[in-house]
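Source file: upload-v4.tsv (TSV, C-alpha atoms and all ligand atoms)
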```tsv
chain	number	residue	atom	x	y	z
A	1	MET	CA	44.79	119.36	45.99
A	2	SER	CA	42.72	122.41	45.04
A	3	PHE	CA	39.02	122.37	44.24
A	4	PRO	CA	38.05	121.90	40.61
A	5	GLY	CA	35.54	124.71	41.15
A	6	THR	CA	32.79	123.15	39.09
A	7	GLY	CA	29.40	121.62	39.75
A	8	THR	CA	26.63	122.69	42.06
A	9	ILE	CA	26.38	123.06	45.82
A	10	TRP	CA	23.21	122.54	47.83
A	11	MET	CA	22.46	125.65	49.92
A	12	ASN	CA	19.29	125.70	52.02
A	13	GLY	CA	17.54	123.42	49.55
A	14	LYS	CA	18.65	125.12	46.32
A	15	LEU	CA	21.37	123.96	43.97
A	16	VAL	CA	23.78	126.86	43.43
A	17	GLU	CA	26.67	127.06	40.97
A	18	TRP	CA	30.00	126.41	42.68
A	19	LYS	CA	31.26	129.96	42.13
A	20	ASP	CA	28.07	131.48	43.55
A	21	ALA	CA	28.02	129.38	46.74
A	22	THR	CA	29.20	132.20	49.01
A	23	ILE	CA	28.23	133.61	52.40
A	24	HIS	CA	28.59	137.07	53.96
A	25	ILE	CA	31.78	137.92	55.87
A	26	GLY	CA	29.53	138.88	58.78
A	27	SER	CA	28.20	135.34	59.12
A	28	HIS	CA	28.40	134.11	62.70
A	29	VAL	CA	30.21	130.88	61.75
A	30	ILE	CA	33.22	132.77	60.41
A	31	HIS	CA	33.77	134.68	63.63
A	32	TYR	CA	32.78	132.16	66.28
A	33	GLY	CA	33.17	128.68	64.78
A	34	SER	CA	29.45	128.05	65.01
A	35	GLY	CA	29.16	125.24	62.49
A	36	VAL	CA	28.80	121.47	62.57
A	37	PHE	CA	29.56	119.23	59.65
A	38	GLU	CA	30.02	115.76	58.24
A	39	GLY	CA	32.41	114.01	55.95
A	40	ALA	CA	31.18	110.94	54.12
A	41	ARG	CA	32.25	109.14	50.97
A	42	CYS	CA	30.47	107.82	47.94
A	43	TYR	CA	32.31	104.90	46.32
A	44	ALA	CA	32.05	103.53	42.79
A	45	THR	CA	31.06	99.89	43.19
A	46	PRO	CA	30.28	97.24	40.55
A	47	LYS	CA	26.57	97.67	41.37
A	48	GLY	CA	26.76	101.46	41.06
A	49	SER	CA	27.75	104.44	43.18
A	50	ALA	CA	27.05	103.95	46.87
A	51	VAL	CA	27.40	106.18	49.94
A	52	PHE	CA	29.07	104.42	52.84
A	53	ARG	CA	26.98	104.59	56.04
A	54	LEU	CA	24.92	107.59	54.94
A	55	ASP	CA	22.39	107.21	57.76
A	56	GLU	CA	25.05	107.11	60.48
A	57	HIS	CA	26.67	110.26	59.08
A	58	MET	CA	23.33	112.06	58.99
A	59	VAL	CA	22.51	110.97	62.55
A	60	ARG	CA	25.88	112.33	63.73
A	61	LEU	CA	25.26	115.60	61.87
A	62	VAL	CA	21.86	116.08	63.48
A	63	ASN	CA	23.27	115.15	66.89
A	64	SER	CA	26.17	117.60	66.51
A	65	ALA	CA	23.63	120.31	65.72
A	66	LYS	CA	21.52	119.29	68.73
A	67	ILE	CA	24.47	119.67	71.10
A	68	TYR	CA	24.92	123.23	69.79
A	69	ARG	CA	21.18	124.02	69.99
A	70	MET	CA	20.94	124.46	66.24
A	71	GLU	CA	17.63	123.57	64.68
A	72	TYR	CA	17.51	123.05	60.94
A	73	PRO	CA	14.21	122.13	59.29
A	74	LEU	CA	15.29	118.81	57.78
A	75	ASP	CA	14.75	115.42	59.34
A	76	LEU	CA	16.99	112.42	58.70
A	77	ALA	CA	15.03	111.39	55.63
A	78	GLY	CA	15.31	114.95	54.33
A	79	TRP	CA	19.07	115.00	54.82
A	80	ARG	CA	19.41	111.67	53.15
A	81	GLN	CA	17.48	112.84	50.12
A	82	ALA	CA	19.38	116.14	49.99
A	83	VAL	CA	22.73	114.33	49.90
A	84	LEU	CA	21.61	111.78	47.31
A	85	GLY	CA	19.95	114.51	45.22
A	86	THR	CA	23.14	116.61	45.24
A	87	ILE	CA	25.25	113.65	44.12
A	88	ARG	CA	22.76	112.92	41.36
A	89	ALA	CA	22.61	116.56	40.26
A	90	ASN	CA	26.40	116.57	39.96
A	91	GLN	CA	26.44	113.16	38.30
A	92	MET	CA	29.31	112.06	40.52
A	93	LYS	CA	30.38	108.46	40.46
A	94	ALA	CA	32.60	108.67	43.52
A	95	CYS	CA	33.07	111.68	45.77
A	96	TYR	CA	33.65	113.07	49.22
A	97	ILE	CA	30.48	114.55	50.76
A	98	ARG	CA	30.56	117.56	53.08
A	99	PRO	CA	27.21	118.57	54.66
A	100	LEU	CA	27.45	121.63	56.92
A	101	ILE	CA	24.98	123.34	59.28
A	102	TYR	CA	26.06	126.79	60.40
A	103	ARG	CA	24.96	130.04	62.00
A	104	GLY	CA	24.53	132.59	59.25
A	105	TYR	CA	24.28	136.32	58.75
A	106	HIS	CA	22.17	138.65	60.88
A	107	THR	CA	24.15	140.20	63.73
A	108	LEU	CA	27.40	139.58	65.58
A	109	GLY	CA	27.83	138.82	69.23
A	110	VAL	CA	28.70	135.64	71.04
A	111	ASN	CA	25.01	134.85	71.49
A	112	PRO	CA	24.29	132.84	68.33
A	113	LEU	CA	20.56	132.52	68.83
A	114	HIS	CA	19.52	135.54	66.74
A	115	ASN	CA	21.32	134.29	63.65
A	116	PRO	CA	19.71	132.03	61.08
A	117	VAL	CA	20.72	128.38	60.96
A	118	ASP	CA	21.79	127.66	57.38
A	119	ALA	CA	23.02	124.54	55.66
A	120	ALA	CA	24.99	123.42	52.65
A	121	ILE	CA	26.21	120.23	50.99
A	122	MET	CA	29.41	120.27	48.95
A	123	LEU	CA	30.85	117.39	46.94
A	124	TRP	CA	34.26	116.92	45.46
A	125	GLU	CA	36.66	114.23	44.42
A	126	TRP	CA	39.13	113.43	47.19
A	127	GLY	CA	41.59	110.60	46.93
A	128	ALA	CA	43.60	108.99	49.72
A	129	TYR	CA	43.93	111.68	52.43
A	130	LEU	CA	47.46	110.81	53.52
A	131	GLY	CA	48.55	109.78	50.03
A	132	ALA	CA	47.92	106.59	48.08
A	133	GLU	CA	51.27	105.04	49.08
A	134	ALA	CA	50.46	105.68	52.78
A	135	LEU	CA	47.74	103.03	52.59
A	136	GLU	CA	50.41	100.48	51.70
A	137	GLN	CA	53.62	101.78	53.23
A	138	GLY	CA	52.23	103.44	56.35
A	139	VAL	CA	52.99	106.91	57.70
A	140	ASP	CA	55.50	108.42	60.13
A	141	VAL	CA	53.76	110.35	62.89
A	142	LYS	CA	54.54	112.13	66.13
A	143	VAL	CA	52.76	112.57	69.43
A	144	ALA	CA	51.53	116.16	69.39
A	145	THR	CA	52.50	118.65	72.07
A	146	TRP	CA	48.89	119.86	71.81
A	147	SER	CA	46.27	117.89	73.75
A	148	ARG	CA	42.73	117.21	72.57
A	149	MET	CA	40.01	119.26	74.19
A	150	ALA	CA	39.42	118.60	77.88
A	151	PRO	CA	36.06	117.04	78.77
A	152	ASN	CA	33.35	119.63	79.24
A	153	THR	CA	35.14	122.27	77.18
A	154	LEU	CA	34.52	121.76	73.46
A	155	PRO	CA	32.47	118.58	73.08
A	156	ALA	CA	34.55	116.05	71.15
A	157	MET	CA	31.50	114.01	70.13
A	158	ALA	CA	30.10	116.97	68.20
A	159	LYS	CA	31.81	117.31	64.84
A	160	SER	CA	31.94	121.09	65.09
A	161	THR	CA	34.05	123.43	63.00
A	162	ALA	CA	35.43	124.87	66.27
A	163	ASN	CA	37.09	121.54	67.16
A	164	TYR	CA	39.19	121.78	64.03
A	165	ALA	CA	41.12	124.74	65.41
A	166	ASN	CA	42.69	122.16	67.74
A	167	SER	CA	43.09	119.72	64.85
A	168	GLN	CA	44.90	122.35	62.81
A	169	LEU	CA	47.41	122.96	65.61
A	170	ILE	CA	48.14	119.23	65.76
A	171	LYS	CA	48.44	118.90	62.00
A	172	MET	CA	50.60	121.98	61.46
A	173	GLU	CA	53.01	120.97	64.21
A	174	ALA	CA	53.36	117.50	62.71
A	175	LEU	CA	54.05	118.88	59.24
A	176	ALA	CA	56.49	121.50	60.55
A	177	ASP	CA	58.42	118.71	62.27
A	178	GLY	CA	58.48	116.56	59.13
A	179	TYR	CA	55.76	114.05	60.00
A	180	ALA	CA	52.63	113.15	58.06
A	181	GLU	CA	50.28	113.47	61.02
A	182	GLY	CA	50.06	113.94	64.79
A	183	ILE	CA	48.56	111.79	67.51
A	184	ALA	CA	47.03	113.88	70.28
A	185	LEU	CA	46.74	112.79	73.90
A	186	ASP	CA	43.78	113.75	76.05
A	187	VAL	CA	44.31	116.08	78.99
A	188	TYR	CA	45.02	113.11	81.24
A	189	GLY	CA	47.90	112.00	79.04
A	190	ASN	CA	46.11	109.03	77.49
A	191	VAL	CA	46.04	108.52	73.74
A	192	SER	CA	43.11	110.26	72.09
A	193	GLU	CA	43.18	110.45	68.27
A	194	GLY	CA	44.78	112.02	65.23
A	195	SER	CA	43.87	115.47	63.93
A	196	GLY	CA	41.17	113.89	61.78
A	197	GLN	CA	41.35	110.14	62.46
A	198	ASN	CA	40.68	107.63	65.20
A	199	ILE	CA	43.49	105.32	66.23
A	200	PHE	CA	43.79	101.58	66.80
A	201	LEU	CA	46.61	99.47	68.27
A	202	VAL	CA	47.29	95.76	67.86
A	203	ARG	CA	49.20	93.84	70.51
A	204	ASP	CA	49.50	90.07	70.79
A	205	GLY	CA	46.58	89.68	68.37
A	206	VAL	CA	44.21	91.87	70.41
A	207	ILE	CA	42.94	95.18	69.02
A	208	TYR	CA	42.66	98.26	71.26
A	209	THR	CA	41.13	101.69	70.67
A	210	PRO	CA	40.57	104.61	73.07
A	211	PRO	CA	37.02	105.05	74.42
A	212	LEU	CA	34.74	108.00	73.61
A	213	SER	CA	35.63	109.44	77.03
A	214	ALA	CA	39.20	110.02	75.78
A	215	SER	CA	38.03	113.13	73.84
A	216	VAL	CA	37.61	111.27	70.55
A	217	LEU	CA	35.08	111.78	67.80
A	218	GLY	CA	32.82	108.74	67.57
A	219	GLY	CA	34.18	107.82	64.17
A	220	ILE	CA	31.95	105.94	61.77
A	221	THR	CA	34.99	104.23	60.30
A	222	ARG	CA	36.05	103.41	63.88
A	223	ASP	CA	32.70	101.73	64.43
A	224	SER	CA	32.98	99.90	61.11
A	225	ILE	CA	36.48	98.64	61.96
A	226	VAL	CA	35.32	97.43	65.37
A	227	THR	CA	32.53	95.49	63.64
A	228	LEU	CA	34.78	94.09	60.90
A	229	SER	CA	37.44	93.12	63.46
A	230	ARG	CA	34.88	91.11	65.40
A	231	ASP	CA	33.60	89.60	62.13
A	232	LEU	CA	37.17	88.42	61.50
A	233	GLY	CA	37.34	86.90	64.98
A	234	TYR	CA	39.53	89.49	66.70
A	235	GLN	CA	38.94	90.65	70.24
A	236	VAL	CA	38.49	94.44	70.35
A	237	ILE	CA	38.91	96.29	73.62
A	238	GLU	CA	37.96	99.95	74.11
A	239	GLN	CA	40.16	101.16	76.91
A	240	ASN	CA	42.40	104.03	77.93
A	241	VAL	CA	45.68	103.72	76.10
A	242	PRO	CA	48.82	105.01	77.82
A	243	ARG	CA	51.21	106.78	75.44
A	244	GLU	CA	53.97	104.21	75.86
A	245	LEU	CA	51.69	101.42	74.65
A	246	LEU	CA	51.85	103.06	71.22
A	247	TYR	CA	55.60	102.42	70.96
A	248	ILE	CA	55.47	98.77	72.00
A	249	SER	CA	52.44	97.77	69.94
A	250	ASP	CA	52.85	95.31	67.08
A	251	GLU	CA	50.75	97.51	64.80
A	252	VAL	CA	49.09	100.92	64.96
A	253	PHE	CA	46.72	102.39	62.39
A	254	PHE	CA	44.43	105.35	61.79
A	255	THR	CA	40.82	105.15	60.66
A	256	GLY	CA	38.59	107.82	59.19
A	257	THR	CA	36.42	108.67	56.23
A	258	ALA	CA	39.32	110.60	54.75
A	259	ALA	CA	42.20	108.38	55.91
A	260	GLU	CA	40.18	105.15	55.48
A	261	VAL	CA	42.54	102.61	57.12
A	262	THR	CA	46.10	103.98	57.15
A	263	PRO	CA	48.96	102.05	58.78
A	264	ILE	CA	51.40	103.90	61.05
A	265	ARG	CA	54.98	102.69	60.65
A	266	SER	CA	56.72	104.92	63.18
A	267	ILE	CA	55.81	107.18	66.08
A	268	ASP	CA	58.31	109.75	67.35
A	269	LYS	CA	60.89	107.97	65.19
A	270	ILE	CA	60.32	104.70	67.04
A	271	LYS	CA	59.61	101.86	64.64
A	272	ILE	CA	56.23	100.22	65.20
A	273	GLY	CA	56.45	96.44	64.86
A	274	GLU	CA	58.32	95.69	61.64
A	275	GLY	CA	58.09	99.33	60.54
A	276	LYS	CA	55.56	98.55	57.82
A	277	ARG	CA	51.91	97.61	57.44
A	278	GLY	CA	51.25	94.66	59.73
A	279	PRO	CA	49.10	91.59	59.00
A	280	VAL	CA	46.10	92.62	61.14
A	281	THR	CA	46.04	96.09	59.58
A	282	ALA	CA	46.29	94.51	56.14
A	283	ALA	CA	43.42	92.11	56.89
A	284	LEU	CA	41.21	94.96	58.16
A	285	GLN	CA	42.12	97.20	55.23
A	286	SER	CA	41.14	94.42	52.84
A	287	ALA	CA	37.87	93.79	54.67
A	288	PHE	CA	37.10	97.54	54.74
A	289	PHE	CA	37.86	98.18	51.07
A	290	ALA	CA	35.99	95.05	50.04
A	291	VAL	CA	32.86	96.41	51.73
A	292	VAL	CA	33.12	100.04	50.58
A	293	ASN	CA	34.01	99.02	47.04
A	294	GLY	CA	31.10	96.59	46.93
A	295	ASP	CA	33.33	93.58	46.30
A	296	VAL	CA	31.60	91.49	48.99
A	297	PRO	CA	27.93	91.28	50.01
A	298	ASP	CA	26.87	94.25	52.12
A	299	THR	CA	25.88	92.13	55.11
A	300	HIS	CA	25.70	95.10	57.50
A	301	GLY	CA	23.55	97.26	55.20
A	302	TRP	CA	26.20	99.99	55.03
A	303	LEU	CA	25.82	101.01	51.39
A	304	THR	CA	23.15	103.34	50.00
A	305	TYR	CA	23.03	103.18	46.22
A	306	VAL	CA	22.68	106.56	44.58
A	307	TYR	CA	21.37	105.97	41.06
A	308	ALA	CA	18.95	103.69	39.35
A	309	GLU	CA	20.82	104.25	36.10
A	310	GLU	CA	24.56	104.98	35.87
A	311	ALA	CA	25.31	105.62	32.22
A	312	SER	CA	27.39	108.72	31.37
A	313	LEU	CA	28.43	109.77	34.87
A	314	ARG	CA	31.60	111.70	35.69
A	315	GLU	CA	34.49	109.28	36.08
A	316	PRO	CA	36.23	109.41	39.46
A	317	ALA	CA	39.88	110.49	39.49
A	318	ARG	CA	40.82	107.39	41.47
A	319	ALA	CA	39.33	103.94	41.18
A	320	GLY	CA	37.75	102.84	44.44
A	321	ALA	CA	37.36	106.07	46.31
A	322	ALA	CA	36.76	109.56	45.56
A	323	LYS	CA	37.25	111.96	51.54
A	324	GLY	CA	37.98	112.69	56.84
A	401	LIG	C1	38.90	114.46	64.84
A	401	LIG	C2	38.41	113.27	64.07
A	401	LIG	N1	38.43	112.06	64.64
A	401	LIG	C3	38.01	110.96	63.98
A	401	LIG	C4	37.53	111.05	62.68
A	401	LIG	C5	37.06	109.82	61.96
A	401	LIG	O1	35.66	109.82	61.88
A	401	LIG	P1	34.91	109.10	60.68
A	401	LIG	O2	35.41	107.72	60.65
A	401	LIG	O3	33.48	109.18	61.02
A	401	LIG	O4	35.26	109.85	59.47
A	401	LIG	C6	37.48	112.29	62.05
A	401	LIG	C7	36.96	112.43	60.69
A	401	LIG	O5	35.87	112.82	60.50
A	401	LIG	C8	37.92	113.43	62.76
A	401	LIG	O6	37.90	114.64	62.18
```

Can the structure from this file be put into structure tokens for me?
Amino acid sequence: MSFPGTGTIWMNGKLVEWKDATIHIGSHVIHYGSGVFEGARCYATPKGSAVFRLDEHMVRLVNSAKIYRMEYPLDLAGWRQAVLGTIRANQMKACYIRPLIYRGYHTLGVNPLHNPVDAAIMLWEWGAYLGAEALEQGVDVKVATWSRMAPNTLPAMAKSTANYANSQLIKMEALADGYAEGIALDVYGNVSEGSGQNIFLVRDGVIYTPPLSASVLGGITRDSIVTLSRDLGYQVIEQNVPRELLYISDEVFFTGTAAEVTPIRSIDKIKIGEGKRGPVTAALQSAFFAVVNGDVPDTHGWLTYVYAEEASLREPARAGAAKG
């Protein structure tokens, strides 16, 4: 899906027309992957447009920047207001939100410290990342031949643009081999995550997910699903997951801002459970969409409402979600 190419983009505090939101080819980020970013979603709820877990996304953004020694003169409250202000300026009802902090234009060399630290916030409408039917039918995936980054190489907990070079290798290989997505192992051969999603397994009614030490991004959807699982009475265990446990699980699913909660129906052409969305995945999907769509009380305080007044806003392309 290509960009509509309309609206405004927040760049260093100014709203710039979409077509004018450009940077110089000599910018450090282009050459050396020196950027960190976020992906959040604003949902259209009956009580108005609401960003799901805005604070947690902004905390992760600021922490990613901290790991890379990037200082940008906005605190959490400032980021929060910048995101909400950009949504309001674009009159979006539902959208995907992409804040980015990056090393800009000054000089080139591996040392990034002479370059300015710049920032931007883009918004666009993004429907179901792996396709609308994937949410119901599930997806066919493969275990990637590429591993996730080894510990102490590229930090997996920082959502840096550089990490997505690895993600692209995983994704392209999966697509070339006819799968929707890849599951990467960590360098020890344990299950890590998808190219842009965390992963969960269900076996004998217990839910498992790899720990942060397995080179995963600390997903905000992952955290939400852990919480909702416990709310529903499931036991959730964070533990190393051997590859073969994937094949003999009753259910496997991805989570992410983009992928939301997507069932996996086969891995390496081995049918998972019944080969379709399983009951635990379905229950968690329902619980997740009920919260993000504002259909149940927001008991965890996860929604930040965007507008006081919602008349005459741009209609989202898809009811429920606008992207991971
Ligand atoms: C590599 C990777 N893992 C996991 C996730 C899921 O994280 P979240 O739920 O915060 O979107 C993402 C998406 O941002 C990702 O890119």

Listed atoms of ligand LIG 401 (chain A), axis-aligned box, 6 Å per side: centre and edge lengths to one decimal in Å, as JSON?
```
{"center_x": 36.2, "center_y": 111.2, "center_z": 62.2, "size_x": 17.4, "size_y": 18.9, "size_z": 17.4}
```

Skipping near chain neighbours, those fewer than 2 positions away, what residues fall within 8 Å of Ala156 (chain A) using all atoms listed in the file, listed as number ranges by chain? A: 149, 151, 154, 158-159, 163, 215-217

Selected residues, C-alpha atoms, written as a CSV table (one decimal), in the frame of the given file, please.
```csv
chain,number,residue,atom,x,y,z
A,149,MET,CA,40.0,119.3,74.2
A,151,PRO,CA,36.1,117.0,78.8
A,154,LEU,CA,34.5,121.8,73.5
A,158,ALA,CA,30.1,117.0,68.2
A,159,LYS,CA,31.8,117.3,64.8
A,163,ASN,CA,37.1,121.5,67.2
A,215,SER,CA,38.0,113.1,73.8
A,216,VAL,CA,37.6,111.3,70.6
A,217,LEU,CA,35.1,111.8,67.8
```

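Counting from atom N1 of ligand LIG 401 (chain A), the distance to CA of Pro263 (chain A) is 15.7 Å.
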
Give me, as a PDB file with C-alpha atoms, keeping the file's coordinate frame, all polymer residues having an atom no more than 10 Å from Arg41 (chain A), counting all atoms listed in the file and skipping those fewer than 6 positions away in the same chain.
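The resulting file, part38.pdb, is reproduced below:
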```pdb
ATOM      1  CA  ALA A  50      27.050 103.950  46.870  1.00  0.00           C
ATOM      2  CA  VAL A  51      27.400 106.180  49.940  1.00  0.00           C
ATOM      3  CA  PHE A  52      29.070 104.420  52.840  1.00  0.00           C
ATOM      4  CA  ARG A  53      26.980 104.590  56.040  1.00  0.00           C
ATOM      5  CA  LEU A  54      24.920 107.590  54.940  1.00  0.00           C
ATOM      6  CA  HIS A  57      26.670 110.260  59.080  1.00  0.00           C
ATOM      7  CA  ALA A  94      32.600 108.670  43.520  1.00  0.00           C
ATOM      8  CA  CYS A  95      33.070 111.680  45.770  1.00  0.00           C
ATOM      9  CA  TYR A  96      33.650 113.070  49.220  1.00  0.00           C
ATOM     10  CA  ILE A  97      30.480 114.550  50.760  1.00  0.00           C
ATOM     11  CA  ARG A  98      30.560 117.560  53.080  1.00  0.00           C
ATOM     12  CA  LEU A 123      30.850 117.390  46.940  1.00  0.00           C
ATOM     13  CA  TRP A 124      34.260 116.920  45.460  1.00  0.00           C
ATOM     14  CA  GLU A 125      36.660 114.230  44.420  1.00  0.00           C
ATOM     15  CA  TRP A 126      39.130 113.430  47.190  1.00  0.00           C
ATOM     16  CA  THR A 257      36.420 108.670  56.230  1.00  0.00           C
ATOM     17  CA  ALA A 258      39.320 110.600  54.750  1.00  0.00           C
ATOM     18  CA  GLU A 260      40.180 105.150  55.480  1.00  0.00           C
ATOM     19  CA  VAL A 292      33.120 100.040  50.580  1.00  0.00           C
ATOM     20  CA  ALA A 321      37.360 106.070  46.310  1.00  0.00           C
ATOM     21  CA  ALA A 322      36.760 109.560  45.560  1.00  0.00           C
ATOM     22  CA  LYS A 323      37.250 111.960  51.540  1.00  0.00           C
ATOM     23  CA  GLY A 324      37.980 112.690  56.840  1.00  0.00           C
TER      24      GLY A 324
END
```

Could you give me the residues within 7 Å of ligand LIG 401 (chain A), counting only C-alpha atoms and all ligand atoms, as an MDAnalysis selection string? chainID A and resid 38:40 167 193:198 216:222 255:258 324

Hey, can you check how far CA of Pro211 (chain A) sits from CA of Leu185 (chain A)?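 CA of Leu185 (chain A) lies 12.4 Å from CA of Pro211 (chain A).
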
Fix up region 272-283 of chain A with N, CA, C and O atoms, then write it as a PDB file, in the coordinates of the input.
```pdb
ATOM      1  N   ILE A 272      57.356 101.001  64.650  1.00  0.00           N
ATOM      2  CA  ILE A 272      56.230 100.220  65.200  1.00  0.00           C
ATOM      3  C   ILE A 272      56.270  98.839  64.556  1.00  0.00           C
ATOM      4  O   ILE A 272      56.182  98.714  63.331  1.00  0.00           O
ATOM      5  N   GLY A 273      56.379  97.819  65.369  1.00  0.00           N
ATOM      6  CA  GLY A 273      56.450  96.440  64.860  1.00  0.00           C
ATOM      7  C   GLY A 273      57.605  96.317  63.886  1.00  0.00           C
ATOM      8  O   GLY A 273      58.746  96.658  64.199  1.00  0.00           O
ATOM      9  N   GLU A 274      57.288  95.858  62.669  1.00  0.00           N
ATOM     10  CA  GLU A 274      58.320  95.690  61.640  1.00  0.00           C
ATOM     11  C   GLU A 274      58.574  96.979  60.865  1.00  0.00           C
ATOM     12  O   GLU A 274      59.309  96.987  59.877  1.00  0.00           O
ATOM     13  N   GLY A 275      57.889  98.053  61.242  1.00  0.00           N
ATOM     14  CA  GLY A 275      58.090  99.330  60.540  1.00  0.00           C
ATOM     15  C   GLY A 275      57.366  99.386  59.212  1.00  0.00           C
ATOM     16  O   GLY A 275      57.715 100.165  58.324  1.00  0.00           O
ATOM     17  N   LYS A 276      56.377  98.527  59.048  1.00  0.00           N
ATOM     18  CA  LYS A 276      55.560  98.550  57.820  1.00  0.00           C
ATOM     19  C   LYS A 276      54.169  98.035  58.175  1.00  0.00           C
ATOM     20  O   LYS A 276      53.938  97.627  59.319  1.00  0.00           O
ATOM     21  N   ARG A 277      53.281  98.076  57.184  1.00  0.00           N
ATOM     22  CA  ARG A 277      51.910  97.610  57.440  1.00  0.00           C
ATOM     23  C   ARG A 277      51.931  96.183  57.988  1.00  0.00           C
ATOM     24  O   ARG A 277      52.526  95.287  57.392  1.00  0.00           O
ATOM     25  N   GLY A 278      51.258  95.984  59.111  1.00  0.00           N
ATOM     26  CA  GLY A 278      51.250  94.660  59.730  1.00  0.00           C
ATOM     27  C   GLY A 278      50.108  93.798  59.226  1.00  0.00           C
ATOM     28  O   GLY A 278      49.209  94.285  58.523  1.00  0.00           O
ATOM     29  N   PRO A 279      50.098  92.510  59.563  1.00  0.00           N
ATOM     30  CA  PRO A 279      49.100  91.590  59.000  1.00  0.00           C
ATOM     31  C   PRO A 279      47.661  91.882  59.451  1.00  0.00           C
ATOM     32  O   PRO A 279      46.732  91.703  58.666  1.00  0.00           O
ATOM     33  N   VAL A 280      47.477  92.343  60.681  1.00  0.00           N
ATOM     34  CA  VAL A 280      46.100  92.620  61.140  1.00  0.00           C
ATOM     35  C   VAL A 280      45.576  93.868  60.415  1.00  0.00           C
ATOM     36  O   VAL A 280      44.435  93.894  59.927  1.00  0.00           O
ATOM     37  N   THR A 281      46.439  94.874  60.316  1.00  0.00           N
ATOM     38  CA  THR A 281      46.040  96.090  59.580  1.00  0.00           C
ATOM     39  C   THR A 281      45.703  95.732  58.139  1.00  0.00           C
ATOM     40  O   THR A 281      44.690  96.203  57.589  1.00  0.00           O
ATOM     41  N   ALA A 282      46.529  94.895  57.541  1.00  0.00           N
ATOM     42  CA  ALA A 282      46.290  94.510  56.140  1.00  0.00           C
ATOM     43  C   ALA A 282      44.962  93.773  56.014  1.00  0.00           C
ATOM     44  O   ALA A 282      44.185  94.029  55.079  1.00  0.00           O
ATOM     45  N   ALA A 283      44.672  92.875  56.951  1.00  0.00           N
ATOM     46  CA  ALA A 283      43.420  92.110  56.890  1.00  0.00           C
ATOM     47  C   ALA A 283      42.219  93.054  57.039  1.00  0.00           C
ATOM     48  O   ALA A 283      41.210  92.926  56.327  1.00  0.00           O
TER      49      ALA A 283
END
```
